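To keep things clear, I will list the structure first and then write my remarks on it.
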Amino acid sequence: MPDPVIRPDTPLLEVEGVRTRYGMIEALRGVDLSVHAGEIVTLIGSNGAGKTTLLNTICGEPRAHSGTVRFAGQDITRLATDRIVRLGIAHSPEGRRIFSRMTVYENLQMGALIADPAHFQDDLRQVFTLFPRLEERREQRGGTLSGGEQQMLAIGRALMSRPRLLLLDEPSLGLAPLVVRQIFAAIQEINQRQGMTVFLVEQNAFHALRLAHRAYVLVNGLVTLSGPGSELLANPEIRAAYLEGGH
Amino acid sequence: MAYFLQQLINGLTLGAIYGLIAIGYTMVYGIIGMINFAHGEIYMIGAFLAITTYLVLGGAEMASVPLGLMAMLVVSMVFTAAYGWTVERLAYRPLRGSFRLAPLISAIGMSIALQNYVQITQGARVKSIQPIIQGGFEIYSQDGFGVQLSYLQIIIWLLTVGLMIAFTYLITSTSLGRQQRACEQDRKMAALVGVNVDRTISLTFVLGATLAAVAGLITTLYYGVIDFYVGFLAGMKAFTAAVLGGIGSLPGAMLGGLMIGLIEAFWSAYFTIEYKDVATFGILVLVLIFKPTGFLGKPEVEKV
Ligand SMILES: Nc1ncnc2c1ncn2[C@@H]1O[C@H](COP(=O)(O)OP(=O)(O)O)[C@@H](O)[C@H]1O
Ligand SMILES: [Mg+2]
């Protein structure tokens, strides 16, 4: 198969007509969206809308039963998870999934598994600069960290692989407002300083929309709205549905 | 005192064998949560491969004993590892994601199949070898009873301790070991950081089989006789050792192995030898009543 021709305007991530089901239940019913290099794109939606399912489908587990996922022009819909990840997608999943019986340092080593070892010290320095708390806890077991520290570690671990695309699944979930602000500031910094492309899934729509260049709204497995973050933030329907009591 | 010391030496030697086998049970349980009932047979095959190598080299007339032993060790480890790998590929991998009991049933089937396979190809009669390493010293003597420590026992201990150190290093300090532990803790996340989970599971079977092969070689040298059935009881005892130490825990498997070895040696010495297996399993029951996770087992609370 010849290499796909990558035009400058080819999105880094392209999701086209993706449907995913669990048994009889169809969690995604034909999702289309795209993320371009350098962008922060957010996907908001209420609990059960299918946000996590979409990120997991991008990573190959569960598989889409129809539709395509393309990364940098390459069809990755049928690839195994570890192959997809090796192409340059890093996932900080729902629930953080820190390796709880490994130290912070070992978790970061796991993140760097697929990266060139020559970059390890530099990348470690960058993660510790972004989240100084992790350096203080370096030898502590992941399972004993606070929720906020675990989230920092999950993002740090994802960054250690030097990804081209960072997937974040509800990084603010269950965290105190002050910690949420820290995490979102860090995401912005990664994007601005390193030019990292970020696809951010959130229920906390207020923060996510302020941060994002573009946004999609997912309802019951379908994208119902999309546009610049600021535009959706001003949309009365969105305000009513997702921002009531938001802070 | 002298008698006690002698039993201690014998018990530690036996414990080394159980410990080496127990690691295979505990690692496989740790990574895929199943009891590999065919592991005792893998150990038995390791013993047969050692004897076969011995015979091929000319038996008691082998040219050089150290080289011959080395060859027995290497051949047995390599081929037993291949058996361990094959068992996983044939009997367990196709069932991954199936209902929980399926691989367990498959394991019991595999165990029976391997026993019959060896019985048919090697015959049902016991196989024996001449003692290869003889001699030793009397380290202590009291009232005319001398405590014997044989060269073979010393070699067995050194080999076992060396392997345990190398193995602990592999698991705690290398990338391969980290990938193995990552799969134990969260297979899905391991795949998400780029670990090839299937390959890591295969590797776990290969490592467990390699250590079982060493235990098989030790059995061959120490007892001099084996048959196609040795894997059953030794496997059950090593499994008991793994549970006693805390299934899933590597130091636990080593500790449990030593404990079972010592219990057996002392029970046989001071009580009746007929009931030594009853004693072993009885103690397992007692320990599990008071400490269900075993001595060094980790509590299950943090499993997602
Ligand atoms: N492993 C699963 N098995 C069956 N149904 C699932 C599974 N995971 C999610 N679902 C269902 O799929 C739908 C979407 O879930 P999810 O993607 O987790 O939503 P979100 O992340 O937006 O909260 C929900 O109805 C949920 O109940
Ligand atoms: Mg979710």
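Residue names in the structure tokens use chain letters A, B, ... in the order shown, residue numbers from 1 in each chain, and ligand numbers from 1 in the order shown.
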- Message: Show me, as a VMD selection string, every residue of chain A with an atom at most 10 Å from chain B, counting only C-alpha atoms.
- Response: chain A and resid 56 59 to 61 80 to 87 89 to 93 95 to 102 106 to 107 109 to 115 143 157 to 158 160 to 161
Go ahead and write the selection's residues with N, CA, C and O atoms as a compact mmCIF listing (two decimals), in the first residue's frame.
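In the end it all went to out.txt:
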```txt
# COMPACT_ATOMS: atom_id res chain seq x y z
N ASN A 56 -11.62 5.55 23.84
CA ASN A 56 -11.17 4.16 23.83
C ASN A 56 -11.21 3.56 22.43
O ASN A 56 -10.34 2.77 22.06
N CYS A 59 -8.25 4.40 20.54
CA CYS A 59 -7.11 3.56 20.95
C CYS A 59 -7.29 2.08 20.64
O CYS A 59 -6.48 1.25 21.04
N GLY A 60 -8.41 1.74 19.99
CA GLY A 60 -8.54 0.36 19.49
C GLY A 60 -9.22 -0.64 20.41
O GLY A 60 -9.29 -1.82 20.08
N GLU A 61 -9.76 -0.21 21.55
CA GLU A 61 -10.42 -1.14 22.47
C GLU A 61 -11.50 -0.42 23.27
O GLU A 61 -11.16 0.36 24.14
N ALA A 80 -3.87 -2.90 16.62
CA ALA A 80 -3.86 -3.24 18.05
C ALA A 80 -3.46 -2.01 18.86
O ALA A 80 -2.73 -1.15 18.37
N THR A 81 -3.95 -1.96 20.10
CA THR A 81 -3.72 -0.79 20.95
C THR A 81 -2.24 -0.41 21.03
O THR A 81 -1.89 0.75 20.84
N ASP A 82 -1.38 -1.37 21.28
CA ASP A 82 0.04 -0.99 21.45
C ASP A 82 0.65 -0.46 20.15
O ASP A 82 1.55 0.38 20.17
N ARG A 83 0.10 -0.91 19.01
CA ARG A 83 0.58 -0.37 17.72
C ARG A 83 0.11 1.07 17.52
O ARG A 83 0.86 1.93 17.06
N ILE A 84 -1.14 1.34 17.88
CA ILE A 84 -1.70 2.68 17.74
C ILE A 84 -0.89 3.66 18.59
O ILE A 84 -0.48 4.73 18.13
N VAL A 85 -0.63 3.23 19.83
CA VAL A 85 0.10 4.09 20.75
C VAL A 85 1.50 4.41 20.23
O VAL A 85 1.99 5.52 20.34
N ARG A 86 2.11 3.40 19.61
CA ARG A 86 3.46 3.61 19.09
C ARG A 86 3.51 4.60 17.93
O ARG A 86 4.58 5.11 17.58
N LEU A 87 2.36 4.86 17.31
CA LEU A 87 2.35 5.85 16.24
C LEU A 87 2.39 7.27 16.79
O LEU A 87 2.61 8.22 16.03
N ILE A 89 0.13 8.39 19.82
CA ILE A 89 -1.05 8.82 20.56
C ILE A 89 -0.86 8.41 22.02
O ILE A 89 -0.57 7.26 22.29
N ALA A 90 -0.99 9.37 22.94
CA ALA A 90 -0.90 9.02 24.35
C ALA A 90 -2.24 9.29 25.00
O ALA A 90 -2.90 10.28 24.71
N HIS A 91 -2.65 8.39 25.90
CA HIS A 91 -3.98 8.46 26.48
C HIS A 91 -3.86 8.54 28.00
O HIS A 91 -3.25 7.69 28.62
N SER A 92 -4.44 9.59 28.57
CA SER A 92 -4.58 9.67 30.03
C SER A 92 -6.03 9.30 30.30
O SER A 92 -6.93 10.12 30.16
N PRO A 93 -6.29 8.05 30.66
CA PRO A 93 -7.66 7.51 30.58
C PRO A 93 -8.54 7.92 31.75
O PRO A 93 -8.06 8.45 32.76
N GLY A 95 -10.42 7.70 35.06
CA GLY A 95 -10.02 7.01 36.30
C GLY A 95 -8.52 7.01 36.53
O GLY A 95 -8.03 6.38 37.46
N ARG A 96 -7.77 7.63 35.62
CA ARG A 96 -6.30 7.82 35.70
C ARG A 96 -5.48 6.56 35.51
O ARG A 96 -4.43 6.59 34.93
N ARG A 97 -5.91 5.46 36.07
CA ARG A 97 -5.23 4.17 35.92
C ARG A 97 -3.73 4.25 36.14
O ARG A 97 -2.93 3.78 35.30
N ILE A 98 -3.37 4.83 37.28
CA ILE A 98 -1.97 4.82 37.69
C ILE A 98 -1.60 3.39 38.05
O ILE A 98 -2.41 2.66 38.59
N PHE A 99 -0.35 2.97 37.74
CA PHE A 99 0.10 1.67 38.23
C PHE A 99 0.34 1.82 39.73
O PHE A 99 1.34 2.40 40.16
N SER A 100 -0.61 1.30 40.52
CA SER A 100 -0.67 1.73 41.92
C SER A 100 0.45 1.15 42.77
O SER A 100 0.83 1.74 43.77
N ARG A 101 0.99 -0.01 42.38
CA ARG A 101 2.07 -0.58 43.17
C ARG A 101 3.44 -0.22 42.60
O ARG A 101 4.45 -0.81 42.97
N MET A 102 3.47 0.73 41.68
CA MET A 102 4.76 1.23 41.20
C MET A 102 4.96 2.63 41.73
O MET A 102 4.00 3.36 41.99
N GLU A 106 8.68 5.01 38.51
CA GLU A 106 8.44 3.84 37.65
C GLU A 106 7.26 4.06 36.70
O GLU A 106 7.29 3.63 35.55
N ASN A 107 6.23 4.75 37.19
CA ASN A 107 5.11 5.08 36.32
C ASN A 107 5.58 5.94 35.14
O ASN A 107 5.16 5.72 34.00
N GLN A 109 8.61 5.95 33.97
CA GLN A 109 9.40 5.06 33.11
C GLN A 109 8.50 4.26 32.19
O GLN A 109 8.81 4.06 31.01
N MET A 110 7.36 3.80 32.71
CA MET A 110 6.41 3.06 31.87
C MET A 110 5.92 3.96 30.74
O MET A 110 5.76 3.51 29.61
N GLY A 111 5.66 5.22 31.07
CA GLY A 111 5.21 6.16 30.04
C GLY A 111 6.24 6.29 28.93
O GLY A 111 5.90 6.44 27.76
N ALA A 112 7.52 6.21 29.31
CA ALA A 112 8.59 6.42 28.34
C ALA A 112 8.95 5.14 27.59
O ALA A 112 9.89 5.15 26.79
N LEU A 113 8.20 4.07 27.82
CA LEU A 113 8.54 2.77 27.23
C LEU A 113 8.82 2.83 25.73
O LEU A 113 9.77 2.24 25.24
N ILE A 114 7.97 3.57 25.01
CA ILE A 114 8.10 3.57 23.55
C ILE A 114 8.94 4.73 23.05
O ILE A 114 9.14 4.89 21.85
N ALA A 115 9.44 5.58 23.97
CA ALA A 115 10.22 6.74 23.54
C ALA A 115 11.70 6.38 23.42
O ALA A 115 12.16 5.39 23.99
N GLY A 143 -0.35 4.35 44.19
CA GLY A 143 -1.62 4.14 44.87
C GLY A 143 -1.80 5.02 46.09
O GLY A 143 -2.92 5.18 46.57
N ARG A 157 2.85 10.82 32.72
CA ARG A 157 3.15 9.53 32.11
C ARG A 157 2.86 9.56 30.62
O ARG A 157 3.65 9.08 29.80
N ALA A 158 1.72 10.18 30.26
CA ALA A 158 1.37 10.29 28.84
C ALA A 158 2.41 11.12 28.09
O ALA A 158 2.81 10.78 26.98
N MET A 160 5.53 11.47 28.71
CA MET A 160 6.85 10.82 28.63
C MET A 160 7.03 10.03 27.34
O MET A 160 8.14 9.69 26.97
N SER A 161 5.93 9.71 26.65
CA SER A 161 6.09 8.95 25.41
C SER A 161 6.35 9.88 24.22
O SER A 161 6.45 9.41 23.09
```
- Could you pull out all residues of region 42-255 of chain B with a DSSP call of strand (DSSP E) and give them as number ranges by chain? B: 127-128, 136-142, 145-150, 225-226
Could you give me, as a PDB file with all heavy atoms, in the first residue's frame, every polymer residue with an atom at most 7 Å away from an atom of ligand 1, counting only C-alpha atoms and all ligand atoms?
```
ATOM      1  N   TYR A  22     -21.591  -1.942  22.609  1.00  0.00           N
ATOM      2  CA  TYR A  22     -21.328  -2.936  23.659  1.00  0.00           C
ATOM      3  C   TYR A  22     -22.486  -3.907  23.593  1.00  0.00           C
ATOM      4  O   TYR A  22     -23.596  -3.560  23.991  1.00  0.00           O
ATOM      5  CB  TYR A  22     -21.307  -2.269  25.037  1.00  0.00           C
ATOM      6  CG  TYR A  22     -20.232  -1.224  25.226  1.00  0.00           C
ATOM      7  CD1 TYR A  22     -20.554   0.135  25.235  1.00  0.00           C
ATOM      8  CD2 TYR A  22     -18.908  -1.599  25.403  1.00  0.00           C
ATOM      9  CE1 TYR A  22     -19.572   1.086  25.428  1.00  0.00           C
ATOM     10  CE2 TYR A  22     -17.921  -0.651  25.595  1.00  0.00           C
ATOM     11  CZ  TYR A  22     -18.265   0.692  25.608  1.00  0.00           C
ATOM     12  OH  TYR A  22     -17.287   1.642  25.797  1.00  0.00           O
ATOM     13  N   ILE A  25     -26.109  -2.626  22.806  1.00  0.00           N
ATOM     14  CA  ILE A  25     -26.214  -1.175  22.992  1.00  0.00           C
ATOM     15  C   ILE A  25     -25.228  -0.446  22.098  1.00  0.00           C
ATOM     16  O   ILE A  25     -24.024  -0.734  22.124  1.00  0.00           O
ATOM     17  CB  ILE A  25     -25.924  -0.788  24.454  1.00  0.00           C
ATOM     18  CG1 ILE A  25     -26.892  -1.521  25.379  1.00  0.00           C
ATOM     19  CG2 ILE A  25     -26.009   0.727  24.656  1.00  0.00           C
ATOM     20  CD1 ILE A  25     -26.436  -1.542  26.814  1.00  0.00           C
ATOM     21  N   ALA A  27     -23.197   2.624  21.626  1.00  0.00           N
ATOM     22  CA  ALA A  27     -22.756   3.771  22.429  1.00  0.00           C
ATOM     23  C   ALA A  27     -22.352   4.945  21.533  1.00  0.00           C
ATOM     24  O   ALA A  27     -22.517   6.101  21.896  1.00  0.00           O
ATOM     25  CB  ALA A  27     -21.608   3.369  23.342  1.00  0.00           C
ATOM     26  N   GLY A  45     -20.050  16.697  27.053  1.00  0.00           N
ATOM     27  CA  GLY A  45     -21.247  15.870  27.000  1.00  0.00           C
ATOM     28  C   GLY A  45     -21.517  15.341  28.388  1.00  0.00           C
ATOM     29  O   GLY A  45     -20.591  15.202  29.188  1.00  0.00           O
ATOM     30  N   SER A  46     -22.783  15.023  28.649  1.00  0.00           N
ATOM     31  CA  SER A  46     -23.116  14.591  30.000  1.00  0.00           C
ATOM     32  C   SER A  46     -22.697  13.141  30.204  1.00  0.00           C
ATOM     33  O   SER A  46     -22.239  12.470  29.277  1.00  0.00           O
ATOM     34  CB  SER A  46     -24.606  14.775  30.264  1.00  0.00           C
ATOM     35  OG  SER A  46     -25.331  14.206  29.205  1.00  0.00           O
ATOM     36  N   ASN A  47     -22.872  12.697  31.415  1.00  0.00           N
ATOM     37  CA  ASN A  47     -22.515  11.342  31.796  1.00  0.00           C
ATOM     38  C   ASN A  47     -23.235  10.322  30.913  1.00  0.00           C
ATOM     39  O   ASN A  47     -24.432  10.406  30.740  1.00  0.00           O
ATOM     40  CB  ASN A  47     -22.922  11.165  33.264  1.00  0.00           C
ATOM     41  CG  ASN A  47     -22.167  10.033  33.916  1.00  0.00           C
ATOM     42  OD1 ASN A  47     -21.235   9.496  33.325  1.00  0.00           O
ATOM     43  ND2 ASN A  47     -22.581   9.675  35.115  1.00  0.00           N
ATOM     44  N   GLY A  48     -22.497   9.386  30.345  1.00  0.00           N
ATOM     45  CA  GLY A  48     -23.116   8.352  29.533  1.00  0.00           C
ATOM     46  C   GLY A  48     -23.281   8.723  28.072  1.00  0.00           C
ATOM     47  O   GLY A  48     -23.843   7.952  27.290  1.00  0.00           O
ATOM     48  N   ALA A  49     -22.795   9.900  27.674  1.00  0.00           N
ATOM     49  CA  ALA A  49     -22.964  10.343  26.286  1.00  0.00           C
ATOM     50  C   ALA A  49     -22.128   9.516  25.314  1.00  0.00           C
ATOM     51  O   ALA A  49     -22.458   9.401  24.130  1.00  0.00           O
ATOM     52  CB  ALA A  49     -22.591  11.819  26.169  1.00  0.00           C
ATOM     53  N   GLY A  50     -21.022   8.934  25.811  1.00  0.00           N
ATOM     54  CA  GLY A  50     -20.158   8.136  24.938  1.00  0.00           C
ATOM     55  C   GLY A  50     -18.770   8.724  24.770  1.00  0.00           C
ATOM     56  O   GLY A  50     -18.014   8.284  23.894  1.00  0.00           O
ATOM     57  N   LYS A  51     -18.421   9.682  25.609  1.00  0.00           N
ATOM     58  CA  LYS A  51     -17.114  10.351  25.485  1.00  0.00           C
ATOM     59  C   LYS A  51     -15.961   9.380  25.700  1.00  0.00           C
ATOM     60  O   LYS A  51     -15.031   9.311  24.887  1.00  0.00           O
ATOM     61  CB  LYS A  51     -17.011  11.505  26.511  1.00  0.00           C
ATOM     62  CG  LYS A  51     -18.153  12.497  26.431  1.00  0.00           C
ATOM     63  CD  LYS A  51     -17.983  13.644  27.418  1.00  0.00           C
ATOM     64  CE  LYS A  51     -18.025  13.248  28.881  1.00  0.00           C
ATOM     65  NZ  LYS A  51     -19.304  12.668  29.330  1.00  0.00           N
ATOM     66  N   THR A  52     -16.040   8.625  26.782  1.00  0.00           N
ATOM     67  CA  THR A  52     -14.977   7.664  27.078  1.00  0.00           C
ATOM     68  C   THR A  52     -14.902   6.598  25.990  1.00  0.00           C
ATOM     69  O   THR A  52     -13.814   6.211  25.549  1.00  0.00           O
ATOM     70  CB  THR A  52     -15.223   7.010  28.450  1.00  0.00           C
ATOM     71  OG1 THR A  52     -15.193   8.039  29.442  1.00  0.00           O
ATOM     72  CG2 THR A  52     -14.189   5.965  28.770  1.00  0.00           C
ATOM     73  N   THR A  53     -16.076   6.168  25.542  1.00  0.00           N
ATOM     74  CA  THR A  53     -16.110   5.164  24.477  1.00  0.00           C
ATOM     75  C   THR A  53     -15.386   5.669  23.234  1.00  0.00           C
ATOM     76  O   THR A  53     -14.660   4.916  22.580  1.00  0.00           O
ATOM     77  CB  THR A  53     -17.568   4.801  24.143  1.00  0.00           C
ATOM     78  OG1 THR A  53     -18.217   4.359  25.332  1.00  0.00           O
ATOM     79  CG2 THR A  53     -17.640   3.715  23.096  1.00  0.00           C
ATOM     80  N   LEU A  54     -15.546   6.953  22.917  1.00  0.00           N
ATOM     81  CA  LEU A  54     -14.875   7.490  21.733  1.00  0.00           C
ATOM     82  C   LEU A  54     -13.355   7.454  21.905  1.00  0.00           C
ATOM     83  O   LEU A  54     -12.639   6.996  21.003  1.00  0.00           O
ATOM     84  CB  LEU A  54     -15.343   8.922  21.449  1.00  0.00           C
ATOM     85  CG  LEU A  54     -14.657   9.564  20.251  1.00  0.00           C
ATOM     86  CD1 LEU A  54     -14.952   8.797  18.964  1.00  0.00           C
ATOM     87  CD2 LEU A  54     -15.050  11.021  20.089  1.00  0.00           C
TER      88      LEU A  54
END
```
- Residues within 10 Å of region 251-255 of chain B, only C-alpha atoms, excluding chain neighbours under 6 positions, as a PyMOL selection string: chain B and resi 15-27+160+164+168+238-245+261+294-298
- May I have all residues of region 21-85 of chain B that DSSP, computed from the backbone, assigns to helix (DSSP H, G or I), given as a PyMOL selection string? chain B and resi 21-32+39-56+59-61+65-85
- Message: To one decimal place in Å, what is the distance between CA of Glu189 (chain A) and CA of Gly227 (chain A)?
- Response: 22.3 Å
- Query: If you measure from CA of Gly59 (chain B) to CA of Val230 (chain B), what distance in Å do you get, rounded to one decimal?
  - Reply: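 Between CA of Gly59 (chain B) and CA of Val230 (chain B) the gap is 21.4 Å.
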- Of A:Thr77, A:Asn235, A:Gln182, A:Ser172, the one nearest to ligand 2 when counting only C-alpha atoms and all ligand atoms is A:Ser172
- Query: Hey, what's within 12 Å of Gln119 (chain B) if we count only C-alpha atoms and toss same-chain stuff fewer than 3 positions away? As a ChimeraX atom specification, please?
  - Reply: /B:41,44-45,48,112-116,122-127,226-230
- Message: Which residues are close to Gln188 (chain A), i.e. within 12 Å by only C-alpha atoms, leaving aside same-chain residues fewer than 2 positions away? Reply as JSON, numbers by chain.
- Response: {"A": [38, 39, 40, 41, 130, 181, 182, 183, 184, 185, 186, 190, 191, 192, 193, 194, 195, 196, 197, 198, 199, 200, 207, 208, 210, 211, 212, 213]}
